[in-house]
file final_34.pdb (PDB, C-alpha atoms, pLDDT in the B column)
ATOM      1  CA  MET F   1       0.000   0.000   0.000  1.00 79.00           C
ATOM      2  CA  LYS F   2       1.090   3.555  -0.694  1.00 87.00           C
ATOM      3  CA  ASP F   3       1.912   5.728   2.303  1.00 90.00           C
ATOM      4  CA  ALA F   4       3.146   9.175   3.288  1.00 93.00           C
ATOM      5  CA  LEU F   5       6.806   8.147   3.092  1.00 94.00           C
ATOM      6  CA  ALA F   6       6.498   6.919  -0.511  1.00 94.00           C
ATOM      7  CA  ILE F   7       4.752  10.143  -1.524  1.00 96.00           C
ATOM      8  CA  HIS F   8       7.301  12.243   0.394  1.00 96.00           C
ATOM      9  CA  ARG F   9      10.212  10.563  -1.396  1.00 96.00           C
ATOM     10  CA  TRP F  10       8.541  10.946  -4.796  1.00 96.00           C
ATOM     11  CA  LEU F  11       7.867  14.659  -4.200  1.00 97.00           C
ATOM     12  CA  LEU F  12      11.459  15.200  -3.040  1.00 97.00           C
ATOM     13  CA  ALA F  13      12.708  13.522  -6.218  1.00 96.00           C
ATOM     14  CA  HIS F  14      10.531  15.916  -8.240  1.00 95.00           C
ATOM     15  CA  GLN F  15      11.661  18.911  -6.146  1.00 96.00           C
ATOM     16  CA  VAL F  16       8.139  19.769  -4.987  1.00 96.00           C
ATOM     17  CA  HIS F  17       7.932  21.628  -1.681  1.00 96.00           C
ATOM     18  CA  HIS F  18       5.399  19.980   0.623  1.00 97.00           C
ATOM     19  CA  GLU F  19       4.577  19.306   4.260  1.00 97.00           C
ATOM     20  CA  ILE F  20       3.284  16.163   5.936  1.00 97.00           C
ATOM     21  CA  VAL F  21       0.467  17.111   8.306  1.00 97.00           C
ATOM     22  CA  ARG F  22      -0.206  15.005  11.394  1.00 97.00           C
ATOM     23  CA  LEU F  23      -3.948  14.644  11.973  1.00 97.00           C
ATOM     24  CA  PRO F  24      -5.436  14.952  15.468  1.00 95.00           C
ATOM     25  CA  ARG F  25      -7.352  11.664  15.144  1.00 96.00           C
ATOM     26  CA  PRO F  26      -7.559   8.845  12.601  1.00 96.00           C
ATOM     27  CA  MET F  27      -9.278   9.617   9.326  1.00 96.00           C
ATOM     28  CA  THR F  28     -11.464   6.919   7.781  1.00 95.00           C
ATOM     29  CA  CYS F  29     -12.259   8.822   4.593  1.00 96.00           C
ATOM     30  CA  VAL F  30     -10.770  11.864   2.856  1.00 96.00           C
ATOM     31  CA  ASP F  31     -14.171  13.594   3.167  1.00 96.00           C
ATOM     32  CA  GLU F  32     -13.336  14.069   6.876  1.00 97.00           C
ATOM     33  CA  LEU F  33     -10.167  16.025   6.097  1.00 97.00           C
ATOM     34  CA  PRO F  34     -11.652  19.565   5.948  1.00 97.00           C
ATOM     35  CA  ARG F  35     -13.141  19.245   9.453  1.00 96.00           C
ATOM     36  CA  MET F  36      -9.982  17.709  10.912  1.00 95.00           C
ATOM     37  CA  ILE F  37      -7.637  20.464   9.786  1.00 96.00           C
ATOM     38  CA  SER F  38     -10.127  23.370   9.621  1.00 95.00           C
ATOM     39  CA  ALA F  39      -9.648  23.836   5.884  1.00 96.00           C
ATOM     40  CA  ALA F  40     -12.196  24.797   3.262  1.00 97.00           C
ATOM     41  CA  PRO F  41     -13.584  21.707   1.468  1.00 97.00           C
ATOM     42  CA  GLY F  42     -12.563  23.299  -1.833  1.00 96.00           C
ATOM     43  CA  ARG F  43      -8.920  23.236  -0.669  1.00 97.00           C
ATOM     44  CA  CYS F  44      -8.985  19.489   0.029  1.00 98.00           C
ATOM     45  CA  VAL F  45      -8.584  17.081  -2.884  1.00 97.00           C
ATOM     46  CA  ALA F  46     -10.190  13.646  -3.019  1.00 97.00           C
ATOM     47  CA  VAL F  47      -9.924  10.705  -5.379  1.00 98.00           C
ATOM     48  CA  THR F  48     -13.071   8.725  -6.158  1.00 97.00           C
ATOM     49  CA  VAL F  49     -12.791   5.430  -8.012  1.00 98.00           C
ATOM     50  CA  PHE F  50     -15.620   4.215 -10.236  1.00 98.00           C
ATOM     51  CA  GLU F  51     -16.225   0.934 -12.005  1.00 97.00           C
ATOM     52  CA  VAL F  52     -17.154   1.743 -15.599  1.00 96.00           C
ATOM     53  CA  THR F  53     -18.736  -0.375 -18.324  1.00 93.00           C
ATOM     54  CA  THR F  54     -18.272   0.832 -21.891  1.00 85.00           C
ATOM     55  CA  ARG F  55     -18.537  -0.796 -25.316  1.00 85.00           C
ATOM     56  CA  MET F  56     -14.887  -1.789 -24.923  1.00 83.00           C
ATOM     57  CA  GLY F  57     -15.463  -3.627 -21.607  1.00 87.00           C
ATOM     58  CA  ARG F  58     -15.210  -3.000 -17.896  1.00 92.00           C
ATOM     59  CA  GLY F  59     -12.572  -1.071 -16.048  1.00 94.00           C
ATOM     60  CA  ALA F  60     -11.865   1.433 -13.326  1.00 96.00           C
ATOM     61  CA  VAL F  61     -11.478   5.191 -13.526  1.00 97.00           C
ATOM     62  CA  ALA F  62     -10.160   7.503 -10.810  1.00 97.00           C
ATOM     63  CA  VAL F  63     -11.615  10.993 -10.554  1.00 98.00           C
ATOM     64  CA  VAL F  64      -9.593  13.702  -8.799  1.00 98.00           C
ATOM     65  CA  ALA F  65     -11.868  16.461  -7.519  1.00 97.00           C
ATOM     66  CA  PRO F  66     -12.254  18.900  -4.628  1.00 97.00           C
ATOM     67  CA  VAL F  67     -13.980  17.438  -1.574  1.00 97.00           C
ATOM     68  CA  SER F  68     -16.557  20.227  -1.957  1.00 96.00           C
ATOM     69  CA  SER F  69     -17.591  18.916  -5.396  1.00 95.00           C
ATOM     70  CA  PRO F  70     -17.687  15.119  -5.381  1.00 95.00           C
ATOM     71  CA  PRO F  71     -18.093  13.605  -8.850  1.00 96.00           C
ATOM     72  CA  LEU F  72     -21.466  12.155  -9.770  1.00 95.00           C
ATOM     73  CA  PRO F  73     -21.514   8.777 -11.566  1.00 95.00           C
ATOM     74  CA  GLY F  74     -23.860  10.061 -14.284  1.00 93.00           C
ATOM     75  CA  VAL F  75     -21.622  13.009 -15.127  1.00 94.00           C
ATOM     76  CA  VAL F  76     -18.530  10.779 -15.189  1.00 94.00           C
ATOM     77  CA  GLY F  77     -20.397   8.328 -17.424  1.00 93.00           C
ATOM     78  CA  GLY F  78     -21.346  11.158 -19.776  1.00 91.00           C
ATOM     79  CA  GLN F  79     -17.693  12.170 -20.112  1.00 92.00           C
ATOM     80  CA  LEU F  80     -16.664   8.604 -20.905  1.00 91.00           C
ATOM     81  CA  GLY F  81     -19.652   7.536 -22.989  1.00 89.00           C
ATOM     82  CA  ALA F  82     -20.167   4.723 -20.505  1.00 90.00           C
ATOM     83  CA  ARG F  83     -23.192   2.467 -20.243  1.00 87.00           C
ATOM     84  CA  ASN F  84     -22.863   1.928 -16.513  1.00 94.00           C
ATOM     85  CA  VAL F  85     -20.906   3.798 -13.824  1.00 96.00           C
ATOM     86  CA  ARG F  86     -20.941   2.947 -10.134  1.00 96.00           C
ATOM     87  CA  PRO F  87     -18.675   3.593  -7.171  1.00 97.00           C
ATOM     88  CA  ALA F  88     -16.003   0.927  -6.934  1.00 97.00           C
ATOM     89  CA  SER F  89     -15.975  -1.483  -4.022  1.00 97.00           C
ATOM     90  CA  ALA F  90     -13.227  -1.218  -1.414  1.00 96.00           C
ATOM     91  CA  PHE F  91     -11.631  -4.349  -2.859  1.00 97.00           C
ATOM     92  CA  VAL F  92     -11.468  -2.813  -6.348  1.00 97.00           C
ATOM     93  CA  VAL F  93     -10.151   0.513  -4.993  1.00 97.00           C
ATOM     94  CA  ASN F  94      -7.377  -1.265  -3.092  1.00 96.00           C
ATOM     95  CA  ALA F  95      -6.509  -3.429  -6.099  1.00 96.00           C
ATOM     96  CA  VAL F  96      -6.375  -0.722  -8.783  1.00 97.00           C
ATOM     97  CA  THR F  97      -4.814   2.137  -6.771  1.00 96.00           C
ATOM     98  CA  ASP F  98      -2.573   0.393  -4.210  1.00 95.00           C
ATOM     99  CA  TYR F  99      -4.068   2.789  -1.625  1.00 96.00           C
ATOM    100  CA  ALA F 100      -6.409   2.036   1.245  1.00 93.00           C
ATOM    101  CA  ALA F 101     -10.032   2.602   0.197  1.00 95.00           C
ATOM    102  CA  GLY F 102     -11.263   6.016   1.351  1.00 95.00           C
ATOM    103  CA  LEU F 103      -7.725   7.358   1.666  1.00 96.00           C
ATOM    104  CA  VAL F 104      -6.663   7.399  -1.990  1.00 97.00           C
ATOM    105  CA  GLY F 105      -4.317  10.227  -2.866  1.00 96.00           C
ATOM    106  CA  PRO F 106      -3.949  11.752  -6.334  1.00 97.00           C
ATOM    107  CA  LEU F 107      -0.202  11.081  -6.485  1.00 97.00           C
ATOM    108  CA  LEU F 108       1.506   7.808  -7.434  1.00 96.00           C
ATOM    109  CA  LEU F 109      -1.571   6.337  -9.089  1.00 96.00           C
ATOM    110  CA  PRO F 110      -0.719   3.454 -11.441  1.00 96.00           C
ATOM    111  CA  GLU F 111       0.031   4.463 -15.027  1.00 94.00           C
ATOM    112  CA  ASP F 112      -2.534   2.019 -16.422  1.00 95.00           C
ATOM    113  CA  LEU F 113      -5.374   3.544 -14.344  1.00 96.00           C
ATOM    114  CA  ARG F 114      -7.492   6.041 -16.276  1.00 95.00           C
ATOM    115  CA  VAL F 115      -7.544   9.353 -14.372  1.00 97.00           C
ATOM    116  CA  LEU F 116      -9.945  12.276 -14.835  1.00 97.00           C
ATOM    117  CA  LEU F 117      -9.110  15.649 -13.296  1.00 97.00           C
ATOM    118  CA  ASP F 118     -12.036  17.896 -12.394  1.00 96.00           C
ATOM    119  CA  ASP F 119     -11.465  21.340 -13.891  1.00 94.00           C
ATOM    120  CA  ARG F 120     -12.656  22.847 -10.584  1.00 95.00           C
ATOM    121  CA  LEU F 121      -9.440  21.732  -8.862  1.00 95.00           C
ATOM    122  CA  PRO F 122      -7.613  24.713  -7.381  1.00 93.00           C
ATOM    123  CA  ALA F 123      -4.699  25.884  -9.523  1.00 88.00           C
ATOM    124  CA  ASP F 124      -3.485  28.936  -7.652  1.00 92.00           C
ATOM    125  CA  ASP F 125      -0.697  29.803  -5.236  1.00 92.00           C
ATOM    126  CA  ASP F 126      -2.661  28.742  -2.119  1.00 95.00           C
ATOM    127  CA  HIS F 127      -2.207  25.390  -0.437  1.00 97.00           C
ATOM    128  CA  VAL F 128      -4.300  22.250  -0.856  1.00 98.00           C
ATOM    129  CA  TYR F 129      -4.482  19.100   1.233  1.00 98.00           C
ATOM    130  CA  ILE F 130      -4.482  15.525  -0.038  1.00 98.00           C
ATOM    131  CA  ALA F 131      -4.713  12.070   1.485  1.00 97.00           C
ATOM    132  CA  THR F 132      -1.586   9.958   1.816  1.00 96.00           C
ATOM    133  CA  GLY F 133      -3.140   6.540   2.217  1.00 95.00           C
ATOM    134  CA  GLU F 134      -2.579   6.694   5.968  1.00 96.00           C
ATOM    135  CA  ARG F 135      -5.183   7.439   8.599  1.00 96.00           C
ATOM    136  CA  PHE F 136      -3.078   9.860  10.672  1.00 97.00           C
ATOM    137  CA  THR F 137      -1.449  11.988   7.954  1.00 97.00           C
ATOM    138  CA  ALA F 138      -2.308  14.304   5.096  1.00 97.00           C
ATOM    139  CA  LEU F 139      -0.106  16.265   2.746  1.00 97.00           C
ATOM    140  CA  ARG F 140      -0.041  20.032   2.268  1.00 98.00           C
ATOM    141  CA  LEU F 141       1.359  21.561  -0.916  1.00 97.00           C
ATOM    142  CA  ARG F 142       0.738  24.474  -3.233  1.00 97.00           C
ATOM    143  CA  ALA F 143      -2.138  23.940  -5.638  1.00 96.00           C
ATOM    144  CA  LEU F 144       0.098  24.954  -8.563  1.00 96.00           C
ATOM    145  CA  ASP F 145       2.626  22.289  -7.588  1.00 96.00           C
ATOM    146  CA  LEU F 146      -0.083  19.645  -7.351  1.00 96.00           C
ATOM    147  CA  ALA F 147      -1.447  20.650 -10.750  1.00 94.00           C
ATOM    148  CA  SER F 148       2.038  20.393 -12.258  1.00 94.00           C
ATOM    149  CA  VAL F 149       2.551  16.779 -11.148  1.00 95.00           C
ATOM    150  CA  LEU F 150      -0.956  15.374 -11.697  1.00 95.00           C
ATOM    151  CA  THR F 151      -1.444  13.204 -14.741  1.00 91.00           C
ATOM    152  CA  GLY F 152      -4.777  12.611 -16.401  1.00 93.00           C
ATOM    153  CA  LYS F 153      -7.359  14.238 -18.600  1.00 94.00           C
ATOM    154  CA  THR F 154      -8.947  17.474 -17.365  1.00 94.00           C
ATOM    155  CA  VAL F 155     -12.727  17.419 -17.798  1.00 95.00           C
ATOM    156  CA  ASP F 156     -15.759  19.495 -16.833  1.00 93.00           C
ATOM    157  CA  LEU F 157     -17.637  17.502 -14.195  1.00 92.00           C
ATOM    158  CA  ARG F 158     -20.293  20.099 -13.457  1.00 90.00           C
ATOM    159  CA  ILE F 159     -23.886  18.963 -13.614  1.00 83.00           C
ATOM    160  CA  PRO F 160     -25.167  20.054 -17.034  1.00 75.00           C
ATOM    161  CA  SER F 161     -27.911  22.660 -16.773  1.00 69.00           C
ATOM    162  CA  GLN F 162     -31.266  21.510 -18.018  1.00 65.00           C
ATOM    163  CA  ARG F 163     -32.905  23.273 -20.902  1.00 59.00           C
ATOM    164  CA  GLY F 164     -36.155  24.904 -19.973  1.00 52.00           C
ATOM    165  CA  SER F 165     -35.144  25.649 -16.399  1.00 50.00           C
ATOM    166  CA  ARG F 166     -37.270  28.092 -14.422  1.00 51.00           C
ATOM    167  CA  GLU F 167     -34.876  30.933 -15.076  1.00 48.00           C
ATOM    168  CA  ALA F 168     -35.058  30.364 -18.807  1.00 46.00           C
ATOM    169  CA  VAL F 169     -38.860  30.240 -18.997  1.00 45.00           C
ATOM    170  CA  ALA F 170     -39.794  32.752 -16.317  1.00 45.00           C
ATOM    171  CA  LEU F 171     -42.215  35.322 -17.630  1.00 43.00           C
ATOM    172  CA  PRO F 172     -41.827  38.957 -16.593  1.00 46.00           C
ATOM    173  CA  TYR F 173     -44.796  40.272 -14.552  1.00 42.00           C
TER     174      TYR F 173
END

call {"tool": "encode", "arguments": {"input": "final_34.pdb", "output": "structure tokens"}}
result
Amino acid sequence: MKDALAIHRWLLAHQVHHEIVRLPRPMTCVDELPRMISAAPGRCVAVTVFEVTTRMGRGAVAVVAPVSSPPLPGVVGGQLGARNVRPASAFVVNAVTDYAAGLVGPLLLPEDLRVLLDDRLPADDDHVYIATGERFTALRLRALDLASVLTGKTVDLRIPSQRGSREAVALPY
């Protein structure tokens, strides 16, 4: 399994300034990170793994997104042209990412795993927080540095607006 030390060494090799953050209590899921460190959910980055069925077969896809905007299976399926998209089981997450389920970090993901990057990820000079695969640690680094080392396809994972919404059909009185 991947851990904070493996990520730390990889970031040092790539000359990326970072800090390992000790958490006050064990984290079971990266969604708990904003409350644990008093950070905005938009500054915490999560990885969600989905099982996807397309015309070509079944596989897994990892979606890197802010904790404040978790990816929806239907939107991910629309981006991939998939027939069926569902959250991956813990067994699948562990097998395809080499991270503990719920604590998957966006760094050191296997090269053969398809990765989608939400275009709402921060890409500024402020810091973001990511999981390390360990329950008692997180990683703090500049959003620009994270963006520079992430691999994957950047996509728009916003919920598409529906035509004929109330705003579009409201009549002036």

call {"tool": "resolve_selection", "arguments": {"input": "final_34.pdb", "expression": "the PyMOL selection byres ((chain F and resi 23-33) around 10)", "output": "ChimeraX atom specification"}}
result
/F:20-22,34-41,43-48,66-68,70,100-105,129-138

call {"tool": "resolve_selection", "arguments": {"input": "final_34.pdb", "expression": "the PyMOL selection byres ((chain F and resi 75-81) around 8)", "output": "PDB file with C-alpha atoms, keeping the file's coordinate frame"}}
result
ATOM      1  CA  VAL F  52     -17.154   1.743 -15.599  1.00 96.00           C
ATOM      2  CA  THR F  54     -18.272   0.832 -21.891  1.00 85.00           C
ATOM      3  CA  PRO F  71     -18.093  13.605  -8.850  1.00 96.00           C
ATOM      4  CA  LEU F  72     -21.466  12.155  -9.770  1.00 95.00           C
ATOM      5  CA  PRO F  73     -21.514   8.777 -11.566  1.00 95.00           C
ATOM      6  CA  GLY F  74     -23.860  10.061 -14.284  1.00 93.00           C
ATOM      7  CA  ALA F  82     -20.167   4.723 -20.505  1.00 90.00           C
ATOM      8  CA  ARG F  83     -23.192   2.467 -20.243  1.00 87.00           C
ATOM      9  CA  ASN F  84     -22.863   1.928 -16.513  1.00 94.00           C
ATOM     10  CA  VAL F  85     -20.906   3.798 -13.824  1.00 96.00           C
ATOM     11  CA  VAL F 155     -12.727  17.419 -17.798  1.00 95.00           C
ATOM     12  CA  LEU F 157     -17.637  17.502 -14.195  1.00 92.00           C
ATOM     13  CA  ARG F 158     -20.293  20.099 -13.457  1.00 90.00           C
ATOM     14  CA  ILE F 159     -23.886  18.963 -13.614  1.00 83.00           C
TER      15      ILE F 159
END

call {"tool": "resolve_selection", "arguments": {"input": "final_34.pdb", "expression": "the PyMOL selection byres ((chain F and resi 92) around 12)", "output": "PyMOL selection string"}}
result
chain F and resi 48-52+59-62+86-91+93-102+113

call {"tool": "atom_distance", "arguments": {"input": "final_34.pdb", "atom1": "atom CA of F:Ala123", "atom2": "atom CA of F:Met1"}}
result
28.0 Å

call {"tool": "atom_distance", "arguments": {"input": "final_34.pdb", "atom1": "atom CA of F:Val64", "atom2": "atom CA of F:Leu117"}}
result
4.9 Å

call {"tool": "axis_aligned_box", "arguments": {"input": "final_34.pdb", "around": "stretch 146-158 of chain F", "padding_each_side": "8 Å", "output": "lines of an AutoDock Vina configuration file"}}
result
center_x = -8.9
center_y = 16.6
center_z = -13.0
size_x = 38.8
size_y = 24.0
size_z = 27.2

call {"tool": "closest_residue", "arguments": {"input": "final_34.pdb", "among": "F:Ala147, F:Leu141, F:Trp10, F:Thr154", "to": "F:Asp119", "atoms": "only C-alpha atoms"}}
result
F:Thr154

call {"tool": "atom_distance", "arguments": {"input": "final_34.pdb", "atom1": "atom CA of F:Leu139", "atom2": "atom CA of F:Asp156"}}
result
25.3 Å

call {"tool": "closest_residue", "arguments": {"input": "final_34.pdb", "among": "F:Leu108, F:Val115, F:His127, F:Gly152", "to": "F:Leu11", "atoms": "all atoms listed in the file"}}
result
F:Leu108

call {"tool": "build_atoms", "arguments": {"input": "final_34.pdb", "residues": "stretch 145-159 of chain F", "atoms": "N, CA and C atoms", "output": "mmCIF file, in the coordinates of the input"}}
result
data_model
loop_
_atom_site.group_PDB
_atom_site.id
_atom_site.type_symbol
_atom_site.label_atom_id
_atom_site.label_comp_id
_atom_site.auth_asym_id
_atom_site.auth_seq_id
_atom_site.Cartn_x
_atom_site.Cartn_y
_atom_site.Cartn_z
ATOM 1 N N ASP F 145 1.707 23.431 -7.570
ATOM 2 C CA ASP F 145 2.626 22.289 -7.588
ATOM 3 C C ASP F 145 1.869 20.985 -7.809
ATOM 4 N N LEU F 146 0.717 20.852 -7.145
ATOM 5 C CA LEU F 146 -0.083 19.645 -7.351
ATOM 6 C C LEU F 146 -0.519 19.543 -8.812
ATOM 7 N N ALA F 147 -0.997 20.652 -9.356
ATOM 8 C CA ALA F 147 -1.447 20.650 -10.750
ATOM 9 C C ALA F 147 -0.312 20.283 -11.700
ATOM 10 N N SER F 148 0.906 20.671 -11.362
ATOM 11 C CA SER F 148 2.038 20.393 -12.258
ATOM 12 C C SER F 148 2.444 18.918 -12.262
ATOM 13 N N VAL F 149 2.130 18.181 -11.200
ATOM 14 C CA VAL F 149 2.551 16.779 -11.148
ATOM 15 C C VAL F 149 1.407 15.790 -11.386
ATOM 16 N N LEU F 150 0.170 16.274 -11.439
ATOM 17 C CA LEU F 150 -0.956 15.374 -11.697
ATOM 18 C C LEU F 150 -0.962 14.945 -13.155
ATOM 19 N N THR F 151 -1.298 13.697 -13.382
ATOM 20 C CA THR F 151 -1.444 13.204 -14.741
ATOM 21 C C THR F 151 -2.888 12.763 -14.924
ATOM 22 N N GLY F 152 -3.408 12.988 -16.093
ATOM 23 C CA GLY F 152 -4.777 12.611 -16.401
ATOM 24 C C GLY F 152 -5.398 13.627 -17.332
ATOM 25 N N LYS F 153 -6.634 13.376 -17.679
ATOM 26 C CA LYS F 153 -7.359 14.238 -18.600
ATOM 27 C C LYS F 153 -8.246 15.189 -17.797
ATOM 28 N N THR F 154 -8.122 16.483 -18.048
ATOM 29 C CA THR F 154 -8.947 17.474 -17.365
ATOM 30 C C THR F 154 -10.304 17.542 -18.050
ATOM 31 N N VAL F 155 -11.374 17.419 -17.259
ATOM 32 C CA VAL F 155 -12.727 17.419 -17.798
ATOM 33 C C VAL F 155 -13.631 18.304 -16.948
ATOM 34 N N ASP F 156 -14.741 18.711 -17.527
ATOM 35 C CA ASP F 156 -15.759 19.495 -16.833
ATOM 36 C C ASP F 156 -16.745 18.513 -16.205
ATOM 37 N N LEU F 157 -16.754 18.429 -14.888
ATOM 38 C CA LEU F 157 -17.637 17.502 -14.195
ATOM 39 C C LEU F 157 -18.802 18.209 -13.512
ATOM 40 N N ARG F 158 -19.121 19.403 -13.989
ATOM 41 C CA ARG F 158 -20.293 20.099 -13.457
ATOM 42 C C ARG F 158 -21.551 19.419 -13.963
ATOM 43 N N ILE F 159 -22.610 19.514 -13.182
ATOM 44 C CA ILE F 159 -23.886 18.963 -13.614
ATOM 45 C C ILE F 159 -24.395 19.834 -14.752
#
